[in-house]
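Here the structure is laid out as structure tokens; the discussion comes afterwards.
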Amino acid sequence: MSDAVNEYLKLYEKDTKELVEIAHKITKENFKGSVEFCSIISAKTGACSENCKYCSQSIHNHANIEIHPMLSVEEVKKAAISAKERGATRFAIVTSGRKLSGRDFETVLEMIKTVANIEGLKCCACLGLLDEEQMKKIKEAGCDRYNHNINTSENYYDKICTTHKFQDRINTVKLAEKCGMTNCTGVIIGMGEDRVDRINMALTLKELKPKSVPINFLNPIKGTPLENYEDKIDEEEILKTICIFRIILPDVYLRYAGGRTTRFSDEYQKLGLYAGINALIVGNYLTTAGATKEHDAKLLNELGLHKI
């Protein structure tokens with residue numbers, strides 16, 4: 001274990017209030033109380049060939065979800081306009097599967113062009129393990145930021161997925177940057193990983209230098225191998241992890257993502273926002289419900305935070 005990991009590991013032993021204040025000071029210095037809103041749409045859902053153990057969309061798992069092929073460009077446009085009305089300044093088009101090809105890829109290019117032309121809204125995409133030619137095409141179409149999560153640490157990765165490698169994810173993140181897009185690269189915590197794994201996730205992200213880091217809390221879904229993982233992490237451990245991510249990643253957007261409404265009470269969500277979270281996914285997630293606009297506005301108002 002490296003000296004850096006050991007030093008960050010000691011932070012978990014600090015009093016929670018003290019750790020929250022350390023993280024809050026860093027966040028306030030870098031972001032002045034501003035919070036970024038984004039929204040996502042599952043443009044193609046289910047029937048994914050990858051065997052990620054947390055995912056309801058994998059064909060290897062048995063979750064009861066509604067599977068649908070590619071949405072129309074018009075459906076995505078309507079969703080993007082609605083997201084803008086809810087306060088989002090970014091809108092991400094997300095598709096299931098290892099990567100897109102053929103007609104589906106061409107349809108997504110049209111979606112990106114359409115969303116990118118909506119005034120006041122930037123287009124993001126999460127389309128899997130694209131190759132360099134595809135990355136260049138989505139950039140040309142108007143994709144401003146690419147989402148591709150590392151999910152967990154390199155050491156723990158094969159406990160979560162074996163149909164592709166951790167390095168495949170790293171390569172994809174680097175390729176998006178090479179092709180001129182910024183990166184949105186996050187994690188899922190609560191999948192059985194330990195504290196060292198969480199610190200290594202943050203240190204990997206520090207090397208990748210994404211603009212945005214979505215922090216997902218595992219929402220155990222029935223029919224997936226992790227369906228009984230409700231007790232793998234508690235609220236205080238989540239809060240401390242948010243603080244440590246902020247200390248390691250002082251100037252990135254730390255974004256509340258999947259699982260926060262089911263695994264994190266309003267009290268702890270507020271503490272997370274105070275400590276280091278300064279971006280939100282508003283509305284629903286891919287196959288699970290999210291928070292309402294009113295819920296998030298209330299949290300921000302109580303903390304004196306403001307939307308970008």
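By order in the structure tokens, chains are A, B, ...; within a chain, residues start at 1; ligands start at 1, following the order shown.
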Secondary structure check, strand (DSSP E or B) residues of range 137-302 of chain A, as a list in words:
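Residues meeting the strand (DSSP E or B) criterion: Cys143, Asp144, Arg145, Tyr146, Asn147, Asn151, Thr182, Asn183, Cys184, Val187, Ile188, Ile189, Ser212, Val213, Pro214, Ile215, Asn216, Phe217, Tyr253, Leu254, Arg255, Tyr256, Ala279, Leu280 and Ile281 of chain A.
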With N, CA and C atoms kept, could you save the residues just selected as a PDB file, in the first residue's frame?
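Listing of selection_8.pdb after writing:
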```pdb
ATOM      1  N   CYS A 143     -21.354  16.740 -29.172  1.00  0.00           N
ATOM      2  CA  CYS A 143     -21.204  16.205 -27.818  1.00  0.00           C
ATOM      3  C   CYS A 143     -20.081  16.953 -27.096  1.00  0.00           C
ATOM      4  N   ASP A 144     -20.423  17.562 -25.989  1.00  0.00           N
ATOM      5  CA  ASP A 144     -19.474  18.395 -25.242  1.00  0.00           C
ATOM      6  C   ASP A 144     -18.714  17.589 -24.199  1.00  0.00           C
ATOM      7  N   ARG A 145     -19.376  16.588 -23.615  1.00  0.00           N
ATOM      8  CA  ARG A 145     -18.770  15.822 -22.520  1.00  0.00           C
ATOM      9  C   ARG A 145     -19.176  14.356 -22.629  1.00  0.00           C
ATOM     10  N   TYR A 146     -18.211  13.474 -22.389  1.00  0.00           N
ATOM     11  CA  TYR A 146     -18.482  12.036 -22.493  1.00  0.00           C
ATOM     12  C   TYR A 146     -18.465  11.396 -21.112  1.00  0.00           C
ATOM     13  N   ASN A 147     -19.509  10.630 -20.827  1.00  0.00           N
ATOM     14  CA  ASN A 147     -19.566   9.914 -19.562  1.00  0.00           C
ATOM     15  C   ASN A 147     -19.132   8.466 -19.738  1.00  0.00           C
ATOM     16  N   ASN A 151     -16.333   2.983 -12.205  1.00  0.00           N
ATOM     17  CA  ASN A 151     -17.201   2.187 -11.320  1.00  0.00           C
ATOM     18  C   ASN A 151     -16.575   1.779 -10.001  1.00  0.00           C
ATOM     19  N   THR A 182     -14.580  16.863 -22.844  1.00  0.00           N
ATOM     20  CA  THR A 182     -14.257  16.713 -21.431  1.00  0.00           C
ATOM     21  C   THR A 182     -14.900  15.414 -20.942  1.00  0.00           C
ATOM     22  N   ASN A 183     -14.454  14.961 -19.770  1.00  0.00           N
ATOM     23  CA  ASN A 183     -14.935  13.681 -19.264  1.00  0.00           C
ATOM     24  C   ASN A 183     -15.782  13.825 -18.007  1.00  0.00           C
ATOM     25  N   CYS A 184     -16.775  12.974 -17.931  1.00  0.00           N
ATOM     26  CA  CYS A 184     -17.604  12.788 -16.746  1.00  0.00           C
ATOM     27  C   CYS A 184     -17.383  11.323 -16.344  1.00  0.00           C
ATOM     28  N   VAL A 187     -18.063   6.734 -10.105  1.00  0.00           N
ATOM     29  CA  VAL A 187     -17.902   5.487  -9.354  1.00  0.00           C
ATOM     30  C   VAL A 187     -19.249   5.049  -8.778  1.00  0.00           C
ATOM     31  N   ILE A 188     -19.270   3.800  -8.333  1.00  0.00           N
ATOM     32  CA  ILE A 188     -20.381   3.266  -7.547  1.00  0.00           C
ATOM     33  C   ILE A 188     -19.789   2.783  -6.236  1.00  0.00           C
ATOM     34  N   ILE A 189     -20.300   3.287  -5.136  1.00  0.00           N
ATOM     35  CA  ILE A 189     -19.792   2.821  -3.852  1.00  0.00           C
ATOM     36  C   ILE A 189     -20.857   1.970  -3.157  1.00  0.00           C
ATOM     37  N   SER A 212     -16.188  16.172 -14.239  1.00  0.00           N
ATOM     38  CA  SER A 212     -17.323  15.794 -13.408  1.00  0.00           C
ATOM     39  C   SER A 212     -17.146  14.355 -12.927  1.00  0.00           C
ATOM     40  N   VAL A 213     -17.461  14.117 -11.644  1.00  0.00           N
ATOM     41  CA  VAL A 213     -17.361  12.778 -11.060  1.00  0.00           C
ATOM     42  C   VAL A 213     -18.704  12.405 -10.437  1.00  0.00           C
ATOM     43  N   PRO A 214     -19.541  11.652 -11.145  1.00  0.00           N
ATOM     44  CA  PRO A 214     -20.785  11.170 -10.543  1.00  0.00           C
ATOM     45  C   PRO A 214     -20.475  10.144  -9.445  1.00  0.00           C
ATOM     46  N   ILE A 215     -21.072  10.349  -8.276  1.00  0.00           N
ATOM     47  CA  ILE A 215     -20.921   9.388  -7.191  1.00  0.00           C
ATOM     48  C   ILE A 215     -22.257   8.671  -7.022  1.00  0.00           C
ATOM     49  N   ASN A 216     -22.269   7.412  -7.431  1.00  0.00           N
ATOM     50  CA  ASN A 216     -23.436   6.561  -7.293  1.00  0.00           C
ATOM     51  C   ASN A 216     -23.315   5.740  -6.020  1.00  0.00           C
ATOM     52  N   PHE A 217     -24.431   5.531  -5.340  1.00  0.00           N
ATOM     53  CA  PHE A 217     -24.487   4.615  -4.209  1.00  0.00           C
ATOM     54  C   PHE A 217     -25.270   3.400  -4.688  1.00  0.00           C
ATOM     55  N   TYR A 253     -16.392  18.726 -10.327  1.00  0.00           N
ATOM     56  CA  TYR A 253     -17.782  18.637  -9.909  1.00  0.00           C
ATOM     57  C   TYR A 253     -18.030  17.236  -9.358  1.00  0.00           C
ATOM     58  N   LEU A 254     -18.332  17.148  -8.078  1.00  0.00           N
ATOM     59  CA  LEU A 254     -18.755  15.880  -7.483  1.00  0.00           C
ATOM     60  C   LEU A 254     -20.274  15.845  -7.565  1.00  0.00           C
ATOM     61  N   ARG A 255     -20.800  14.837  -8.243  1.00  0.00           N
ATOM     62  CA  ARG A 255     -22.218  14.846  -8.627  1.00  0.00           C
ATOM     63  C   ARG A 255     -23.000  13.731  -7.921  1.00  0.00           C
ATOM     64  N   TYR A 256     -24.066  14.121  -7.229  1.00  0.00           N
ATOM     65  CA  TYR A 256     -24.988  13.110  -6.722  1.00  0.00           C
ATOM     66  C   TYR A 256     -25.607  12.390  -7.913  1.00  0.00           C
ATOM     67  N   ALA A 279     -22.934  19.146  -7.698  1.00  0.00           N
ATOM     68  CA  ALA A 279     -23.625  18.886  -8.955  1.00  0.00           C
ATOM     69  C   ALA A 279     -24.672  17.798  -8.700  1.00  0.00           C
ATOM     70  N   LEU A 280     -25.770  17.862  -9.443  1.00  0.00           N
ATOM     71  CA  LEU A 280     -26.865  16.913  -9.255  1.00  0.00           C
ATOM     72  C   LEU A 280     -27.337  16.383 -10.598  1.00  0.00           C
ATOM     73  N   ILE A 281     -27.731  15.110 -10.625  1.00  0.00           N
ATOM     74  CA  ILE A 281     -28.568  14.613 -11.715  1.00  0.00           C
ATOM     75  C   ILE A 281     -30.001  14.845 -11.265  1.00  0.00           C
TER      76      ILE A 281
END
```
For range 229-236 of chain A, find every residue with an atom within 9 Å (counting only C-alpha atoms), except residues of its own chain fewer than 5 positions away, and show them as a tab-separated table (two decimals) with all heavy atoms, in the first residue's frame.
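Contents of out.tsv, freshly written:
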```
chain	number	residue	atom	x	y	z
A	16	THR	N	-16.40	12.82	12.17
A	16	THR	CA	-17.15	13.12	10.95
A	16	THR	C	-17.35	14.62	10.77
A	16	THR	O	-17.19	15.15	9.66
A	16	THR	CB	-18.50	12.40	10.97
A	16	THR	OG1	-18.30	10.99	11.11
A	16	THR	CG2	-19.26	12.65	9.67
A	189	ILE	N	-20.30	3.29	-5.14
A	189	ILE	CA	-19.79	2.82	-3.85
A	189	ILE	C	-20.86	1.97	-3.16
A	189	ILE	O	-22.05	2.13	-3.38
A	189	ILE	CB	-19.33	3.98	-2.95
A	189	ILE	CG1	-20.45	4.95	-2.64
A	189	ILE	CG2	-18.16	4.72	-3.60
A	189	ILE	CD1	-20.06	6.01	-1.63
A	190	GLY	N	-20.39	1.03	-2.34
A	190	GLY	CA	-21.30	0.13	-1.64
A	190	GLY	C	-21.45	-1.22	-2.30
A	190	GLY	O	-22.40	-1.96	-2.01
A	191	MET	N	-20.51	-1.60	-3.19
A	191	MET	CA	-20.60	-2.89	-3.87
A	191	MET	C	-19.74	-3.96	-3.19
A	191	MET	O	-19.43	-4.98	-3.80
A	191	MET	CB	-20.19	-2.75	-5.34
A	191	MET	CG	-21.10	-1.85	-6.14
A	191	MET	SD	-20.89	-1.99	-7.94
A	191	MET	CE	-19.22	-1.34	-8.14
A	192	GLY	N	-19.34	-3.70	-1.95
A	192	GLY	CA	-18.52	-4.66	-1.23
A	192	GLY	C	-17.05	-4.30	-1.20
A	192	GLY	O	-16.25	-4.99	-0.56
A	193	GLU	N	-16.68	-3.20	-1.86
A	193	GLU	CA	-15.30	-2.74	-1.86
A	193	GLU	C	-14.93	-2.23	-0.47
A	193	GLU	O	-15.80	-1.91	0.34
A	193	GLU	CB	-15.11	-1.63	-2.90
A	193	GLU	CG	-15.61	-0.26	-2.50
A	193	GLU	CD	-17.12	-0.08	-2.50
A	193	GLU	OE1	-17.81	-0.91	-3.14
A	193	GLU	OE2	-17.63	0.87	-1.85
A	217	PHE	N	-24.43	5.53	-5.34
A	217	PHE	CA	-24.49	4.61	-4.21
A	217	PHE	C	-25.27	3.40	-4.69
A	217	PHE	O	-26.38	3.56	-5.22
A	217	PHE	CB	-25.19	5.25	-3.00
A	217	PHE	CG	-24.82	6.69	-2.78
A	217	PHE	CD1	-25.80	7.65	-2.58
A	217	PHE	CD2	-23.50	7.10	-2.78
A	217	PHE	CE1	-25.47	8.97	-2.38
A	217	PHE	CE2	-23.17	8.42	-2.59
A	217	PHE	CZ	-24.15	9.36	-2.39
A	218	LEU	N	-24.71	2.22	-4.52
A	218	LEU	CA	-25.38	1.04	-5.03
A	218	LEU	C	-26.83	0.98	-4.56
A	218	LEU	O	-27.11	1.02	-3.37
A	218	LEU	CB	-24.66	-0.24	-4.60
A	218	LEU	CG	-25.37	-1.53	-5.08
A	218	LEU	CD1	-25.22	-1.69	-6.59
A	218	LEU	CD2	-24.84	-2.74	-4.35
A	219	ASN	N	-27.73	0.90	-5.52
A	219	ASN	CA	-29.14	0.65	-5.25
A	219	ASN	C	-29.38	-0.82	-5.59
A	219	ASN	O	-29.54	-1.16	-6.76
A	219	ASN	CB	-30.01	1.56	-6.11
A	219	ASN	CG	-31.49	1.40	-5.85
A	219	ASN	OD1	-31.88	0.76	-4.87
A	219	ASN	ND2	-32.31	1.97	-6.71
A	220	PRO	N	-29.37	-1.70	-4.58
A	220	PRO	CA	-29.45	-3.14	-4.88
A	220	PRO	C	-30.79	-3.47	-5.57
A	220	PRO	O	-31.86	-3.26	-5.00
A	220	PRO	CB	-29.36	-3.79	-3.50
A	220	PRO	CG	-28.73	-2.77	-2.63
A	220	PRO	CD	-29.24	-1.46	-3.14
A	241	THR	N	-16.77	9.20	2.67
A	241	THR	CA	-16.19	8.95	1.35
A	241	THR	C	-16.33	10.18	0.46
A	241	THR	O	-15.40	10.55	-0.26
A	241	THR	CB	-16.87	7.73	0.70
A	241	THR	OG1	-16.66	6.58	1.53
A	241	THR	CG2	-16.30	7.46	-0.69
A	263	ARG	N	-30.61	5.41	-0.70
A	263	ARG	CA	-29.57	5.02	0.25
A	263	ARG	C	-29.14	6.15	1.18
A	263	ARG	O	-28.36	5.92	2.11
A	263	ARG	CB	-28.33	4.49	-0.50
A	263	ARG	CG	-28.56	3.33	-1.44
A	263	ARG	CD	-29.16	2.12	-0.74
A	263	ARG	NE	-28.32	1.63	0.34
A	263	ARG	CZ	-27.25	0.85	0.17
A	263	ARG	NH1	-26.89	0.48	-1.03
A	263	ARG	NH2	-26.55	0.43	1.21
A	264	PHE	N	-29.62	7.37	0.92
A	264	PHE	CA	-29.14	8.55	1.63
A	264	PHE	C	-30.35	9.38	2.06
A	264	PHE	O	-31.09	9.88	1.21
A	264	PHE	CB	-28.25	9.36	0.68
A	264	PHE	CG	-26.96	9.86	1.28
A	264	PHE	CD1	-26.31	9.18	2.28
A	264	PHE	CD2	-26.38	11.04	0.81
A	264	PHE	CE1	-25.12	9.64	2.82
A	264	PHE	CE2	-25.19	11.51	1.33
A	264	PHE	CZ	-24.56	10.81	2.34
A	265	SER	N	-30.53	9.56	3.34
A	265	SER	CA	-31.65	10.36	3.84
A	265	SER	C	-31.45	11.83	3.49
A	265	SER	O	-30.35	12.26	3.13
A	265	SER	CB	-31.75	10.22	5.36
A	265	SER	OG	-30.59	10.77	5.98
A	268	TYR	N	-28.63	13.44	5.45
A	268	TYR	CA	-27.27	13.15	4.96
A	268	TYR	C	-27.04	13.73	3.57
A	268	TYR	O	-25.91	14.11	3.23
A	268	TYR	CB	-27.01	11.65	5.00
A	268	TYR	CG	-26.47	11.19	6.33
A	268	TYR	CD1	-27.31	10.81	7.36
A	268	TYR	CD2	-25.10	11.16	6.56
A	268	TYR	CE1	-26.81	10.41	8.60
A	268	TYR	CE2	-24.58	10.76	7.78
A	268	TYR	CZ	-25.44	10.38	8.80
A	268	TYR	OH	-24.92	9.99	10.01
```
Write out as an MDAnalysis selection string each polymer residue whose atoms come within 7 Å of Gly128 in chain A, counting only C-alpha atoms; drop sequence neighbours fewer than 2 positions from it.
chainID A and resid 97:99 126 130
Taking into account only C-alpha atoms, which residue in the set A:Ala88, A:Ile65, A:Ile40, A:Cys123 is nearest to Lys307 in chain A?
A:Ala88
Write out as JSON, numbers by chain the residues lying within 10 Å of Leu303 in chain A, counting only C-alpha atoms and excluding same-chain residues fewer than 5 positions away.
{"A": [33, 270, 271, 273, 274, 298]}
Could those residues be written to a file, using C-alpha atoms, as a CSV table (one decimal), in the first residue's frame?
```csv
chain,number,residue,atom,x,y,z
A,33,GLY,CA,-21.8,27.8,-3.5
A,270,LYS,CA,-27.7,18.0,2.9
A,271,LEU,CA,-24.5,17.1,4.7
A,273,LEU,CA,-24.0,19.0,-0.3
A,274,TYR,CA,-22.4,21.1,2.4
A,298,LYS,CA,-35.6,22.6,-1.0
```
Counting only C-alpha atoms, what is within 12 Å of Val282 in chain A, bar same-chain residues fewer than 2 positions away, as number ranges by chain?
A: 35-41, 80, 82-92, 255-258, 260-261, 279-280, 284-286, 289-297, 307
So which residues touch Ala275 in chain A within 6 Å, counting only C-alpha atoms, skipping near sequence neighbours fewer than 5 positions away, as a PyMOL selection string?
chain A and resi 20+23-24
Suppose we keep all heavy atoms; can you now write the selection as a CSV table (one decimal), in the first residue's frame?
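out-v6.csv, written as the output of this step:
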```
chain,number,residue,atom,x,y,z
A,20,VAL,N,-16.1,16.8,7.6
A,20,VAL,CA,-17.1,17.6,6.8
A,20,VAL,C,-16.6,19.0,6.6
A,20,VAL,O,-16.7,19.6,5.5
A,20,VAL,CB,-18.5,17.5,7.4
A,20,VAL,CG1,-19.4,18.6,6.8
A,20,VAL,CG2,-19.1,16.1,7.2
A,23,ALA,N,-13.7,19.3,4.2
A,23,ALA,CA,-14.2,19.2,2.8
A,23,ALA,C,-15.0,20.5,2.4
A,23,ALA,O,-14.8,21.0,1.2
A,23,ALA,CB,-15.0,18.0,2.6
A,24,HIS,N,-15.8,21.0,3.3
A,24,HIS,CA,-16.6,22.2,3.0
A,24,HIS,C,-15.7,23.4,2.6
A,24,HIS,O,-16.0,24.1,1.6
A,24,HIS,CB,-17.5,22.5,4.2
A,24,HIS,CG,-18.2,23.8,4.1
A,24,HIS,ND1,-19.2,24.1,3.2
A,24,HIS,CD2,-17.9,25.0,4.7
A,24,HIS,CE1,-19.6,25.3,3.3
A,24,HIS,NE2,-18.8,25.9,4.2
```
With only C-alpha atoms as the basis for distance, which of A:Ala43, A:Ile22, A:Met1, A:Leu175 is at the shortest distance from Glu133 in chain A?
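Checking each of A:Ala43, A:Ile22, A:Met1, A:Leu175 against Glu133 in chain A, counting only C-alpha atoms, the winner is A:Leu175.
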Could you check which of A:Tyr54, A:Phe166, A:Phe31, A:Phe105 is closest to Met201 in chain A, using only C-alpha atoms?
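Looking at the shortest contact to Met201 in chain A, the residue is A:Phe166.
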Counting only C-alpha atoms, the option among A:Ser153, A:Glu177, A:Asp168, A:Gly102 closest to Val196 in chain A
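Once distances to Val196 in chain A are computed over only C-alpha atoms, the minimum belongs to A:Ser153.
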Backbone DSSP call of helix (DSSP H, G or I) for range 57-269 of chain A, listed as a PyMOL selection string:
chain A and resi 73-85+102-116+132-141+157-159+166-178+195-208+235-248+260-263+266-269
